[in-house]
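Engineer: Here you go, input_24.txt (compact mmCIF, C-alpha atoms):
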# COMPACT_ATOMS: atom_id res chain seq x y z
CA MET K 1 0.77 27.74 2.42
CA ASN K 2 -0.32 27.28 6.02
CA ARG K 3 0.92 24.68 8.51
CA ILE K 4 -1.70 22.03 7.65
CA GLU K 5 -0.98 22.40 3.93
CA ARG K 6 2.75 21.99 4.58
CA LEU K 7 2.07 18.86 6.63
CA ARG K 8 -0.04 17.47 3.76
CA VAL K 9 2.96 17.92 1.44
CA VAL K 10 5.20 16.12 3.95
CA ALA K 11 2.67 13.25 4.22
CA ALA K 12 2.50 12.95 0.41
CA LEU K 13 6.32 12.89 0.23
CA MET K 14 6.49 10.16 2.92
CA SER K 15 3.81 8.13 1.14
CA GLY K 16 5.68 8.45 -2.17
CA ILE K 17 9.01 7.40 -0.63
CA VAL K 18 7.48 4.31 1.01
CA PHE K 19 5.70 3.50 -2.28
CA GLY K 20 8.91 3.83 -4.31
CA LEU K 21 10.91 1.75 -1.80
CA GLY K 22 8.19 -0.91 -1.86
CA LEU K 23 8.25 -1.01 -5.67
CA ALA K 24 12.05 -1.37 -5.68
CA LEU K 25 12.00 -4.17 -3.08
CA SER K 26 9.07 -6.02 -4.66
CA GLY K 27 10.52 -6.53 -8.16
CA MET K 28 7.70 -4.53 -9.76
CA LEU K 29 10.30 -2.20 -11.32
CA ASN K 30 11.45 -5.06 -13.54
CA PRO K 31 9.27 -5.26 -16.68
CA ALA K 32 10.65 -8.73 -17.53
CA ARG K 33 9.34 -10.11 -14.22
CA VAL K 34 5.99 -8.35 -14.60
CA ARG K 35 5.55 -9.90 -18.04
CA GLY K 36 6.62 -13.27 -16.56
CA PHE K 37 3.83 -12.89 -14.01
CA LEU K 38 1.32 -12.13 -16.76
CA ASP K 39 2.53 -15.07 -18.90
CA ILE K 40 0.26 -17.63 -17.24
CA THR K 41 0.20 -20.16 -20.09
CA ARG K 42 3.98 -20.50 -20.53
CA ASP K 43 6.78 -19.86 -17.99
CA TRP K 44 4.53 -18.43 -15.30
CA ASP K 45 6.40 -16.63 -12.51
CA PRO K 46 3.74 -16.32 -9.77
CA SER K 47 6.01 -14.43 -7.34
CA LEU K 48 4.66 -10.95 -8.14
CA GLY K 49 1.22 -12.09 -7.00
CA PHE K 50 2.65 -11.72 -3.50
CA VAL K 51 3.14 -7.99 -4.12
CA LEU K 52 -0.59 -7.53 -4.61
CA ALA K 53 -1.32 -9.87 -1.68
CA GLY K 54 0.98 -7.95 0.69
CA ALA K 55 -0.23 -4.57 -0.54
CA VAL K 56 -3.94 -5.36 -0.31
CA ALA K 57 -3.52 -7.06 3.11
CA VAL K 58 -1.89 -3.98 4.68
CA SER K 59 -4.12 -1.58 2.76
CA ALA K 60 -7.29 -3.44 3.85
CA LEU K 61 -6.22 -3.31 7.50
CA GLY K 62 -5.51 0.40 7.20
CA MET K 63 -8.75 1.12 5.36
CA ALA K 64 -10.67 -0.69 8.15
CA LEU K 65 -9.12 1.76 10.61
CA VAL K 66 -9.83 4.68 8.26
CA ARG K 67 -13.51 3.72 8.25
CA ARG K 68 -13.66 4.56 11.97
CA MET K 69 -12.22 8.03 11.42
CA HIS K 70 -14.63 10.90 10.77
CA LYS K 71 -12.03 12.76 8.77
CA PRO K 72 -8.38 12.34 7.78
CA LEU K 73 -5.69 13.76 10.10
CA LEU K 74 -4.83 16.69 7.83
CA ASP K 75 -8.03 17.45 5.91
CA SER K 76 -11.71 18.08 6.60
CA ARG K 77 -12.96 15.09 4.58
CA PHE K 78 -11.94 11.98 2.65
CA HIS K 79 -11.68 12.49 -1.11
CA LEU K 80 -13.19 9.31 -2.53
CA SER K 81 -14.98 8.66 -5.77
CA GLU K 82 -18.74 8.78 -5.36
CA THR K 83 -19.30 6.99 -8.65
CA ARG K 84 -20.76 3.51 -8.22
CA ILE K 85 -21.57 2.71 -11.83
CA ILE K 86 -19.53 0.13 -13.71
CA ASP K 87 -19.72 1.67 -17.18
CA ARG K 88 -18.06 1.19 -20.53
CA ARG K 89 -15.52 3.96 -19.80
CA LEU K 90 -14.23 2.08 -16.77
CA LEU K 91 -14.00 -1.29 -18.51
CA VAL K 92 -12.67 -0.11 -21.88
CA GLY K 93 -10.21 2.33 -20.28
CA SER K 94 -8.91 -0.40 -17.96
CA ALA K 95 -8.59 -2.81 -20.91
CA ILE K 96 -6.59 -0.21 -22.91
CA PHE K 97 -4.34 0.27 -19.88
CA GLY K 98 -3.99 -3.53 -19.57
CA ILE K 99 -2.90 -3.90 -23.20
CA GLY K 100 -0.13 -1.32 -22.73
CA TRP K 101 0.88 -2.89 -19.41
CA GLY K 102 1.12 -6.32 -21.04
CA MET K 103 3.08 -4.99 -24.03
CA VAL K 104 5.86 -3.43 -21.96
CA GLY K 105 5.47 -4.63 -18.36
CA LEU K 106 5.35 -1.16 -16.82
CA CYS K 107 2.41 0.53 -15.09
CA PRO K 108 2.42 4.19 -13.94
CA GLY K 109 4.04 3.76 -10.49
CA PRO K 110 7.04 1.67 -11.60
CA ALA K 111 7.40 3.77 -14.77
CA LEU K 112 7.89 6.97 -12.75
CA ALA K 113 9.91 5.38 -9.93
CA SER K 114 12.34 3.77 -12.39
CA LEU K 115 13.26 7.22 -13.76
CA SER K 116 15.75 7.43 -10.86
CA LEU K 117 17.85 4.76 -12.56
CA GLY K 118 18.32 6.98 -15.61
CA LEU K 119 17.51 4.31 -18.21
CA PRO K 120 16.54 5.66 -21.66
CA ALA K 121 13.87 2.98 -22.28
CA THR K 122 11.86 3.69 -19.11
CA ALA K 123 12.23 7.44 -19.66
CA LEU K 124 10.80 6.98 -23.16
CA PHE K 125 7.92 4.93 -21.75
CA SER K 126 7.16 7.52 -19.05
CA THR K 127 7.20 10.36 -21.58
CA ALA K 128 4.74 8.50 -23.83
CA MET K 129 2.60 7.63 -20.79
CA LEU K 130 2.38 11.26 -19.63
CA ALA K 131 1.52 12.26 -23.22
CA GLY K 132 -1.26 9.65 -23.24
CA MET K 133 -2.60 11.01 -19.94
CA ALA K 134 -2.48 14.60 -21.17
CA ALA K 135 -4.16 13.60 -24.46
CA HIS K 136 -7.03 11.94 -22.61
CA ASP K 137 -7.50 14.78 -20.15
CA ARG K 138 -7.33 17.39 -22.93
CA LEU K 139 -10.17 15.59 -24.73
CA PHE K 140 -12.31 14.91 -21.65
CA GLY K 141 -11.08 17.70 -19.38
CA ALA K 142 -14.42 19.13 -18.29
CA ARG K 143 -15.78 15.81 -17.16
CA LEU K 144 -12.64 15.07 -15.15
CA ARG K 145 -12.50 18.43 -13.42
CA GLN K 146 -15.91 17.77 -11.89
CA ARG K 147 -14.51 14.67 -10.25
CA THR K 148 -11.21 15.93 -8.93
CA SER K 149 -12.48 18.24 -6.16
CA MET U 150 11.91 -18.29 -1.02
CA THR U 151 13.72 -14.98 -0.46
CA ALA U 152 12.26 -13.74 -3.75
CA TYR U 153 8.77 -14.37 -2.41
CA LEU U 154 9.61 -12.71 0.91
CA ALA U 155 11.00 -9.63 -0.84
CA THR U 156 7.96 -9.32 -3.09
CA PHE U 157 5.59 -9.75 -0.13
CA CYS U 158 7.43 -7.17 2.01
CA GLY U 159 7.62 -4.79 -0.95
CA GLY U 160 3.89 -5.20 -1.38
CA MET U 161 3.33 -4.48 2.30
CA LEU U 162 5.28 -1.22 1.95
CA ILE U 163 3.10 -0.25 -1.03
CA GLY U 164 0.02 -0.96 1.11
CA LEU U 165 1.48 1.10 3.96
CA SER U 166 2.07 3.99 1.58
CA ALA U 167 -1.61 3.92 0.58
CA VAL U 168 -2.66 3.91 4.25
CA ILE U 169 -0.40 6.90 5.03
CA LEU U 170 -1.92 8.98 2.24
CA MET U 171 -5.50 8.03 3.11
CA MET U 172 -5.14 8.55 6.87
CA ALA U 173 -3.21 11.81 6.63
CA ASN U 174 -4.63 13.51 3.55
CA GLY U 175 -7.78 11.51 2.82
CA ARG U 176 -6.49 10.82 -0.70
CA VAL U 177 -6.25 7.66 -2.80
CA ALA U 178 -2.62 6.70 -3.54
CA GLY U 179 -3.31 6.17 -7.22
CA VAL U 180 -0.31 7.03 -9.38
CA SER U 181 -2.25 7.67 -12.61
CA GLY U 182 -4.65 9.98 -10.77
CA ILE U 183 -1.86 11.88 -9.02
CA ALA U 184 0.21 12.20 -12.23
CA GLY U 185 -2.85 13.17 -14.30
CA ARG U 186 -3.91 15.91 -11.86
CA LEU U 187 -0.32 17.13 -11.70
CA LEU U 188 -0.33 17.53 -15.50
CA GLN U 189 -3.62 19.46 -15.23
CA GLY U 190 -2.12 21.75 -12.61
CA VAL U 191 -4.44 20.50 -9.84
CA GLN U 192 -3.08 19.68 -6.34
CA THR U 193 0.43 20.39 -7.55
CA ALA U 194 2.25 20.65 -4.20
CA THR U 195 1.13 17.30 -2.77
CA GLY U 196 1.24 15.65 -6.20
CA ALA U 197 4.80 16.79 -6.87
CA ALA U 198 5.84 15.72 -3.35
CA PHE U 199 4.42 12.22 -3.92
CA VAL U 200 6.16 11.85 -7.30
CA ILE U 201 9.47 13.11 -5.86
CA GLY U 202 9.00 10.46 -3.16
CA LEU U 203 8.57 7.83 -5.89
CA PHE U 204 11.97 8.90 -7.31
CA VAL U 205 13.57 8.82 -3.84
CA GLY U 206 12.30 5.27 -3.09
CA PRO U 207 14.66 3.39 -5.46
CA VAL U 208 17.57 5.63 -4.37
CA LEU U 209 16.84 4.69 -0.75
CA PHE U 210 16.74 1.04 -1.85
CA ARG U 211 20.18 1.51 -3.45
CA LEU U 212 21.54 2.90 -0.15
CA LEU U 213 20.01 0.12 1.96
CA ALA U 214 20.54 -2.88 -0.34
CA GLY U 215 23.81 -1.78 -1.94
CA ALA U 216 22.54 -2.30 -5.48
CA TRP U 217 20.00 -0.72 -7.81
CA PRO U 218 16.78 -2.66 -8.33
CA VAL U 219 16.88 -4.83 -11.49
CA VAL U 220 15.17 -3.34 -14.56
CA GLU U 221 15.16 -5.50 -17.72
CA LEU U 222 13.27 -3.84 -20.56
CA VAL U 223 13.94 -5.54 -23.89
CA THR U 224 10.78 -4.47 -25.75
CA PRO U 225 11.62 -2.68 -29.06
CA TRP U 226 11.26 1.10 -28.72
CA PRO U 227 8.25 1.60 -31.03
CA LEU U 228 6.31 -0.83 -28.80
CA VAL U 229 7.60 1.00 -25.70
CA VAL U 230 6.14 4.25 -27.05
CA ALA U 231 2.84 2.60 -28.05
CA GLY U 232 2.58 0.84 -24.67
CA GLY U 233 3.28 4.08 -22.80
CA LEU U 234 0.56 5.94 -24.74
CA LEU U 235 -1.96 3.14 -24.05
CA VAL U 236 -1.06 2.97 -20.34
CA GLY U 237 -1.41 6.74 -19.95
CA TYR U 238 -4.61 7.11 -21.97
CA GLY U 239 -6.28 3.95 -20.60
CA SER U 240 -5.47 4.58 -16.94
CA ARG U 241 -7.03 8.07 -17.13
CA MET U 242 -10.05 6.81 -19.08
CA GLY U 243 -10.58 3.97 -16.58
CA SER U 244 -10.03 6.34 -13.61
CA GLY U 245 -7.14 4.36 -12.19
CA CYS U 246 -4.36 1.83 -12.56
CA THR U 247 -2.71 -0.94 -10.55
CA SER U 248 -2.33 1.30 -7.48
CA GLY U 249 -5.64 3.18 -7.32
CA HIS U 250 -7.92 0.33 -8.39
CA GLY U 251 -5.62 -2.53 -7.37
CA VAL U 252 -4.16 -1.59 -3.99
CA VAL U 253 -6.71 0.93 -2.67
CA GLY U 254 -9.89 -0.07 -4.52
CA LEU U 255 -9.65 -3.80 -3.81
CA ALA U 256 -8.86 -3.09 -0.14
CA ARG U 257 -11.99 -0.93 0.08
CA LEU U 258 -13.99 -3.71 -1.64
CA SER U 259 -15.06 -1.28 -4.35
CA ARG U 260 -17.12 -3.04 -7.03
CA ARG U 261 -15.88 -0.55 -9.62
CA SER U 262 -12.25 -1.31 -8.80
CA MET U 263 -12.87 -5.07 -8.86
CA ALA U 264 -14.33 -4.71 -12.36
CA ALA U 265 -11.41 -2.49 -13.44
CA VAL U 266 -8.79 -4.94 -12.08
CA ALA U 267 -10.53 -7.87 -13.81
CA SER U 268 -10.55 -5.90 -17.06
CA PHE U 269 -6.90 -4.80 -17.04
CA MET U 270 -5.60 -8.17 -15.80
CA ALA U 271 -7.50 -10.02 -18.54
CA ALA U 272 -6.27 -7.57 -21.19
CA ALA U 273 -2.66 -7.76 -19.96
CA VAL U 274 -2.62 -11.57 -19.81
CA ALA U 275 -4.18 -11.79 -23.30
CA THR U 276 -1.64 -9.29 -24.68
CA VAL U 277 1.35 -11.21 -23.29
CA TYR U 278 -0.12 -14.46 -24.62
CA LEU U 279 -0.68 -13.04 -28.12
CA MET U 280 2.76 -11.41 -28.27
CA GLY U 281 4.28 -14.74 -27.24
CA LEU U 282 2.79 -16.39 -30.31
CA PHE U 283 4.89 -14.14 -32.55
CA ALA U 284 8.07 -14.14 -30.49
Is it possible to give me this structure as structure tokens?
Structural biologist:
Amino acid sequence: MNRIERLRVVAALMSGIVFGLGLALSGMLNPARVRGFLDITRDWDPSLGFVLAGAVAVSALGMALVRRMHKPLLDSRFHLSETRIIDRRLLVGSAIFGIGWGMVGLCPGPALASLSLGLPATALFSTAMLAGMAAHDRLFGARLRQRTS
Amino acid sequence: MTAYLATFCGGMLIGLSAVILMMANGRVAGVSGIAGRLLQGVQTATGAAFVIGLFVGPVLFRLLAGAWPVVELVTPWPLVVAGGLLVGYGSRMGSGCTSGHGVVGLARLSRRSMAAVASFMAAAVATVYLMGLFA
């Protein structure tokens, strides 16, 4: 591993730490609150909408700066999806994800970050989630590998 | 009020995390993508570093705030397993989750991500509504 590769690992670690801290501060680690946010017809708790608002605001500012860069600081190019098509895979896959998210109140980031708390229920969820990911990628592996360059 | 401030600031940190990864490595901070590639054995060093960071985040919160973040999960365990399988399978099939499509995709004004967010939000809201009918 050369110097640039080591720096990329450090950047990924920093990004992960800030992400995990943000999740902990935001309340997104609490499935009960997430489900309260999704429960728009009954006791709606709109507060978690501010997580998305804050995240997209900062992210949009950053992405505007990124647009002026020819390449990232530690790599020769940006790795972005070139797909533009809104197909059935995207919509059905997202809907399947949404059903699971609604059932439990955990999405992938909070599921993994909450493992630090050592709770059996979130560990069980994360294990099932990783199995679901592996099952999908085992079935459609070739197609995915083309995309992950 | 403080609850709203905490959620907003937490959200800003999540946005900052996405900017760090894009500016430094040119990568989308999408947790399902990072975890999925890690399971495939692709980009293992940076992927593992990001996931370790995710674990460190709540520990750092514990040190700064003096208490662990609240986690209330009362769903019966068979539903927890089923939900986990659906979240894992669906997020890989749809090429992203709340972070990749939500935080990064929406900020980049990606049409694909807007469609994905609309789809998973509608499905999640409908699921919570339907489960509430039987609660």
Engineer: Residues within 12 Å of Gln189 in chain U, please, as a compact mmCIF listing (two decimals) with C-alpha atoms, in the frame of the given file. Count only C-alpha atoms; anything in the same chain fewer than 3 positions from it doesn't count.
Structural biologist:
# COMPACT_ATOMS: atom_id res chain seq x y z
CA LEU K 130 2.38 11.26 -19.63
CA ALA K 131 1.52 12.26 -23.22
CA MET K 133 -2.60 11.01 -19.94
CA ALA K 134 -2.48 14.60 -21.17
CA ALA K 135 -4.16 13.60 -24.46
CA HIS K 136 -7.03 11.94 -22.61
CA ASP K 137 -7.50 14.78 -20.15
CA ARG K 138 -7.33 17.39 -22.93
CA PHE K 140 -12.31 14.91 -21.65
CA GLY K 141 -11.08 17.70 -19.38
CA ALA K 142 -14.42 19.13 -18.29
CA LEU K 144 -12.64 15.07 -15.15
CA ARG K 145 -12.50 18.43 -13.42
CA THR K 148 -11.21 15.93 -8.93
CA GLY U 182 -4.65 9.98 -10.77
CA ILE U 183 -1.86 11.88 -9.02
CA ALA U 184 0.21 12.20 -12.23
CA GLY U 185 -2.85 13.17 -14.30
CA ARG U 186 -3.91 15.91 -11.86
CA GLN U 192 -3.08 19.68 -6.34
CA THR U 193 0.43 20.39 -7.55
CA GLY U 196 1.24 15.65 -6.20
Engineer: Please provide the set of residues having any atom within 12 Å of range 1-18 of chain K, restricted to only C-alpha atoms, with same-chain residues fewer than 6 positions apart removed, written as a PyMOL selection string.
Structural biologist: (chain K and resi 24-26+55+72-76+109-110+112-113) or (chain U and resi 158-180+183+192-210+248)
Engineer: For the selection just defined, write its residues with C-alpha atoms to a file, as an mmCIF file, keeping the file's coordinate frame.
Structural biologist:
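again17.cif, written as the output of this step:
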data_model
loop_
_atom_site.group_PDB
_atom_site.id
_atom_site.type_symbol
_atom_site.label_atom_id
_atom_site.label_comp_id
_atom_site.auth_asym_id
_atom_site.auth_seq_id
_atom_site.Cartn_x
_atom_site.Cartn_y
_atom_site.Cartn_z
ATOM 1 C CA ALA K 24 12.050 -1.370 -5.680
ATOM 2 C CA LEU K 25 12.000 -4.170 -3.080
ATOM 3 C CA SER K 26 9.070 -6.020 -4.660
ATOM 4 C CA ALA K 55 -0.230 -4.570 -0.540
ATOM 5 C CA PRO K 72 -8.380 12.340 7.780
ATOM 6 C CA LEU K 73 -5.690 13.760 10.100
ATOM 7 C CA LEU K 74 -4.830 16.690 7.830
ATOM 8 C CA ASP K 75 -8.030 17.450 5.910
ATOM 9 C CA SER K 76 -11.710 18.080 6.600
ATOM 10 C CA GLY K 109 4.040 3.760 -10.490
ATOM 11 C CA PRO K 110 7.040 1.670 -11.600
ATOM 12 C CA LEU K 112 7.890 6.970 -12.750
ATOM 13 C CA ALA K 113 9.910 5.380 -9.930
ATOM 14 C CA CYS U 158 7.430 -7.170 2.010
ATOM 15 C CA GLY U 159 7.620 -4.790 -0.950
ATOM 16 C CA GLY U 160 3.890 -5.200 -1.380
ATOM 17 C CA MET U 161 3.330 -4.480 2.300
ATOM 18 C CA LEU U 162 5.280 -1.220 1.950
ATOM 19 C CA ILE U 163 3.100 -0.250 -1.030
ATOM 20 C CA GLY U 164 0.020 -0.960 1.110
ATOM 21 C CA LEU U 165 1.480 1.100 3.960
ATOM 22 C CA SER U 166 2.070 3.990 1.580
ATOM 23 C CA ALA U 167 -1.610 3.920 0.580
ATOM 24 C CA VAL U 168 -2.660 3.910 4.250
ATOM 25 C CA ILE U 169 -0.400 6.900 5.030
ATOM 26 C CA LEU U 170 -1.920 8.980 2.240
ATOM 27 C CA MET U 171 -5.500 8.030 3.110
ATOM 28 C CA MET U 172 -5.140 8.550 6.870
ATOM 29 C CA ALA U 173 -3.210 11.810 6.630
ATOM 30 C CA ASN U 174 -4.630 13.510 3.550
ATOM 31 C CA GLY U 175 -7.780 11.510 2.820
ATOM 32 C CA ARG U 176 -6.490 10.820 -0.700
ATOM 33 C CA VAL U 177 -6.250 7.660 -2.800
ATOM 34 C CA ALA U 178 -2.620 6.700 -3.540
ATOM 35 C CA GLY U 179 -3.310 6.170 -7.220
ATOM 36 C CA VAL U 180 -0.310 7.030 -9.380
ATOM 37 C CA ILE U 183 -1.860 11.880 -9.020
ATOM 38 C CA GLN U 192 -3.080 19.680 -6.340
ATOM 39 C CA THR U 193 0.430 20.390 -7.550
ATOM 40 C CA ALA U 194 2.250 20.650 -4.200
ATOM 41 C CA THR U 195 1.130 17.300 -2.770
ATOM 42 C CA GLY U 196 1.240 15.650 -6.200
ATOM 43 C CA ALA U 197 4.800 16.790 -6.870
ATOM 44 C CA ALA U 198 5.840 15.720 -3.350
ATOM 45 C CA PHE U 199 4.420 12.220 -3.920
ATOM 46 C CA VAL U 200 6.160 11.850 -7.300
ATOM 47 C CA ILE U 201 9.470 13.110 -5.860
ATOM 48 C CA GLY U 202 9.000 10.460 -3.160
ATOM 49 C CA LEU U 203 8.570 7.830 -5.890
ATOM 50 C CA PHE U 204 11.970 8.900 -7.310
ATOM 51 C CA VAL U 205 13.570 8.820 -3.840
ATOM 52 C CA GLY U 206 12.300 5.270 -3.090
ATOM 53 C CA PRO U 207 14.660 3.390 -5.460
ATOM 54 C CA VAL U 208 17.570 5.630 -4.370
ATOM 55 C CA LEU U 209 16.840 4.690 -0.750
ATOM 56 C CA PHE U 210 16.740 1.040 -1.850
ATOM 57 C CA SER U 248 -2.330 1.300 -7.480
#
Engineer: Got a sec: who's within 8 Å of Ser114 in chain K, counting all atoms listed in the file, leaving out chain neighbours fewer than 3 positions off, as an MDAnalysis selection string?
Structural biologist: (chainID K and resid 29 110:111 117:119 122) or (chainID U and resid 204 207 220)
Engineer: Give me a file of those residues, with C-alpha atoms, as a PDB file, keeping the file's coordinate frame.
Structural biologist:
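Printed below is result_27.pdb as written:
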ATOM      1  CA  LEU K  29      10.300  -2.200 -11.320  1.00  0.00           C
ATOM      2  CA  PRO K 110       7.040   1.670 -11.600  1.00  0.00           C
ATOM      3  CA  ALA K 111       7.400   3.770 -14.770  1.00  0.00           C
ATOM      4  CA  LEU K 117      17.850   4.760 -12.560  1.00  0.00           C
ATOM      5  CA  GLY K 118      18.320   6.980 -15.610  1.00  0.00           C
ATOM      6  CA  LEU K 119      17.510   4.310 -18.210  1.00  0.00           C
ATOM      7  CA  THR K 122      11.860   3.690 -19.110  1.00  0.00           C
TER       8      THR K 122
ATOM      9  CA  PHE U 204      11.970   8.900  -7.310  1.00  0.00           C
ATOM     10  CA  PRO U 207      14.660   3.390  -5.460  1.00  0.00           C
ATOM     11  CA  VAL U 220      15.170  -3.340 -14.560  1.00  0.00           C
TER      12      VAL U 220
END
Engineer: Any idea what the distance is between CA of Thr276 in chain U and CA of Val223 in chain U?
Structural biologist: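 Between CA of Thr276 in chain U and CA of Val223 in chain U the gap works out to 16.0 Å.
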Engineer: In Å to one decimal, how far is CA of Gly102 in chain K from CA of Pro227 in chain U?
Structural biologist: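 Taking CA of Pro227 in chain U and CA of Gly102 in chain K, their separation equals 14.6 Å.
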Engineer: Which is closest to chain U among K:Pro46, K:Gly22, K:Pro120, K:Gly105, if we use all atoms listed in the file?
Structural biologist: K:Gly22
Engineer: Can you work out the spacing between CA of Leu228 in chain U and CA of Leu21 in chain K in Å, to one decimal?
Structural biologist: 27.5 Å
Engineer: Any idea what's packed within 9 Å of Ala267 in chain U, counting all atoms listed in the file, ignoring anything in its chain fewer than 5 positions away? Could you give it as a CSV table (one decimal) with C-alpha atoms, keeping the file's coordinate frame?
Structural biologist:
chain,number,residue,atom,x,y,z
K,91,LEU,CA,-14.0,-1.3,-18.5
K,94,SER,CA,-8.9,-0.4,-18.0
K,95,ALA,CA,-8.6,-2.8,-20.9
U,262,SER,CA,-12.2,-1.3,-8.8
U,272,ALA,CA,-6.3,-7.6,-21.2
Engineer: Tell me which of U:Leu212, U:Tyr153, U:Val236, U:Gly245 sits closest to Ser81 in chain K, counting only C-alpha atoms.
Structural biologist: U:Gly245
Engineer: Taking all atoms of range 220-234 of chain U that the file lists and extending 4 Å past them on each side, where is the centre of the axis-aligned box and how long are its edges? Answer in Å to one decimal, as AutoDock Vina command-line options.
Structural biologist:
--center_x 7.9 --center_y 0.2 --center_z -22.8 --size_x 22.6 --size_y 19.5 --size_z 24.5
Engineer: Of the residues U:Met242, U:Leu258, U:Leu279, U:Ala284, which is the one nearest to chain K, using all atoms listed in the file?
Structural biologist: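 Of U:Met242, U:Leu258, U:Leu279, U:Ala284, the one nearest chain K, counting all atoms listed in the file, is U:Met242.
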Engineer: Need the shell around range 33-35 of chain K: protein/DNA/RNA residues with any atom at most 10 Å away, counting all atoms listed in the file. Skip same-chain ones fewer than 2 positions apart. Format as a PyMOL selection string?
Structural biologist: (chain K and resi 27-31+37-40+44-49+101-107) or (chain U and resi 219-222+273-274+276-278)
Engineer: Would you put the residues from that selection into a file with C-alpha atoms, as a PDB file, in the frame of the given file?
Structural biologist:
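As written to disk, selection35.pdb reads:
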ATOM      1  CA  GLY K  27      10.520  -6.530  -8.160  1.00  0.00           C
ATOM      2  CA  MET K  28       7.700  -4.530  -9.760  1.00  0.00           C
ATOM      3  CA  LEU K  29      10.300  -2.200 -11.320  1.00  0.00           C
ATOM      4  CA  ASN K  30      11.450  -5.060 -13.540  1.00  0.00           C
ATOM      5  CA  PRO K  31       9.270  -5.260 -16.680  1.00  0.00           C
ATOM      6  CA  PHE K  37       3.830 -12.890 -14.010  1.00  0.00           C
ATOM      7  CA  LEU K  38       1.320 -12.130 -16.760  1.00  0.00           C
ATOM      8  CA  ASP K  39       2.530 -15.070 -18.900  1.00  0.00           C
ATOM      9  CA  ILE K  40       0.260 -17.630 -17.240  1.00  0.00           C
ATOM     10  CA  TRP K  44       4.530 -18.430 -15.300  1.00  0.00           C
ATOM     11  CA  ASP K  45       6.400 -16.630 -12.510  1.00  0.00           C
ATOM     12  CA  PRO K  46       3.740 -16.320  -9.770  1.00  0.00           C
ATOM     13  CA  SER K  47       6.010 -14.430  -7.340  1.00  0.00           C
ATOM     14  CA  LEU K  48       4.660 -10.950  -8.140  1.00  0.00           C
ATOM     15  CA  GLY K  49       1.220 -12.090  -7.000  1.00  0.00           C
ATOM     16  CA  TRP K 101       0.880  -2.890 -19.410  1.00  0.00           C
ATOM     17  CA  GLY K 102       1.120  -6.320 -21.040  1.00  0.00           C
ATOM     18  CA  MET K 103       3.080  -4.990 -24.030  1.00  0.00           C
ATOM     19  CA  VAL K 104       5.860  -3.430 -21.960  1.00  0.00           C
ATOM     20  CA  GLY K 105       5.470  -4.630 -18.360  1.00  0.00           C
ATOM     21  CA  LEU K 106       5.350  -1.160 -16.820  1.00  0.00           C
ATOM     22  CA  CYS K 107       2.410   0.530 -15.090  1.00  0.00           C
TER      23      CYS K 107
ATOM     24  CA  VAL U 219      16.880  -4.830 -11.490  1.00  0.00           C
ATOM     25  CA  VAL U 220      15.170  -3.340 -14.560  1.00  0.00           C
ATOM     26  CA  GLU U 221      15.160  -5.500 -17.720  1.00  0.00           C
ATOM     27  CA  LEU U 222      13.270  -3.840 -20.560  1.00  0.00           C
ATOM     28  CA  ALA U 273      -2.660  -7.760 -19.960  1.00  0.00           C
ATOM     29  CA  VAL U 274      -2.620 -11.570 -19.810  1.00  0.00           C
ATOM     30  CA  THR U 276      -1.640  -9.290 -24.680  1.00  0.00           C
ATOM     31  CA  VAL U 277       1.350 -11.210 -23.290  1.00  0.00           C
ATOM     32  CA  TYR U 278      -0.120 -14.460 -24.620  1.00  0.00           C
TER      33      TYR U 278
END
Engineer: Can you patch up range 48-57 of chain K, filling it in to N, CA and C atoms, and show the result as a PDB file, in the frame of the given file?
Structural biologist:
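Written out: out.pdb:
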ATOM      1  N   LEU K  48       5.161 -12.321  -8.288  1.00  0.00           N
ATOM      2  CA  LEU K  48       4.660 -10.950  -8.140  1.00  0.00           C
ATOM      3  C   LEU K  48       3.216 -10.903  -7.616  1.00  0.00           C
ATOM      4  N   GLY K  49       2.538 -12.045  -7.627  1.00  0.00           N
ATOM      5  CA  GLY K  49       1.220 -12.090  -7.000  1.00  0.00           C
ATOM      6  C   GLY K  49       1.300 -11.733  -5.518  1.00  0.00           C
ATOM      7  N   PHE K  50       2.472 -12.024  -4.915  1.00  0.00           N
ATOM      8  CA  PHE K  50       2.650 -11.720  -3.500  1.00  0.00           C
ATOM      9  C   PHE K  50       2.771 -10.216  -3.246  1.00  0.00           C
ATOM     10  N   VAL K  51       3.114  -9.452  -4.272  1.00  0.00           N
ATOM     11  CA  VAL K  51       3.140  -7.990  -4.120  1.00  0.00           C
ATOM     12  C   VAL K  51       1.716  -7.495  -3.880  1.00  0.00           C
ATOM     13  N   LEU K  52       0.810  -7.945  -4.743  1.00  0.00           N
ATOM     14  CA  LEU K  52      -0.590  -7.530  -4.610  1.00  0.00           C
ATOM     15  C   LEU K  52      -1.155  -8.042  -3.282  1.00  0.00           C
ATOM     16  N   ALA K  53      -0.815  -9.299  -2.933  1.00  0.00           N
ATOM     17  CA  ALA K  53      -1.320  -9.870  -1.680  1.00  0.00           C
ATOM     18  C   ALA K  53      -0.863  -9.036  -0.486  1.00  0.00           C
ATOM     19  N   GLY K  54       0.443  -8.741  -0.431  1.00  0.00           N
ATOM     20  CA  GLY K  54       0.980  -7.950   0.690  1.00  0.00           C
ATOM     21  C   GLY K  54       0.392  -6.549   0.719  1.00  0.00           C
ATOM     22  N   ALA K  55       0.274  -5.945  -0.463  1.00  0.00           N
ATOM     23  CA  ALA K  55      -0.230  -4.570  -0.540  1.00  0.00           C
ATOM     24  C   ALA K  55      -1.695  -4.500  -0.109  1.00  0.00           C
ATOM     25  N   VAL K  56      -2.505  -5.413  -0.629  1.00  0.00           N
ATOM     26  CA  VAL K  56      -3.940  -5.360  -0.310  1.00  0.00           C
ATOM     27  C   VAL K  56      -4.167  -5.734   1.159  1.00  0.00           C
ATOM     28  N   ALA K  57      -3.369  -6.673   1.697  1.00  0.00           N
ATOM     29  CA  ALA K  57      -3.520  -7.060   3.110  1.00  0.00           C
ATOM     30  C   ALA K  57      -3.314  -5.844   4.017  1.00  0.00           C
TER      31      ALA K  57
END
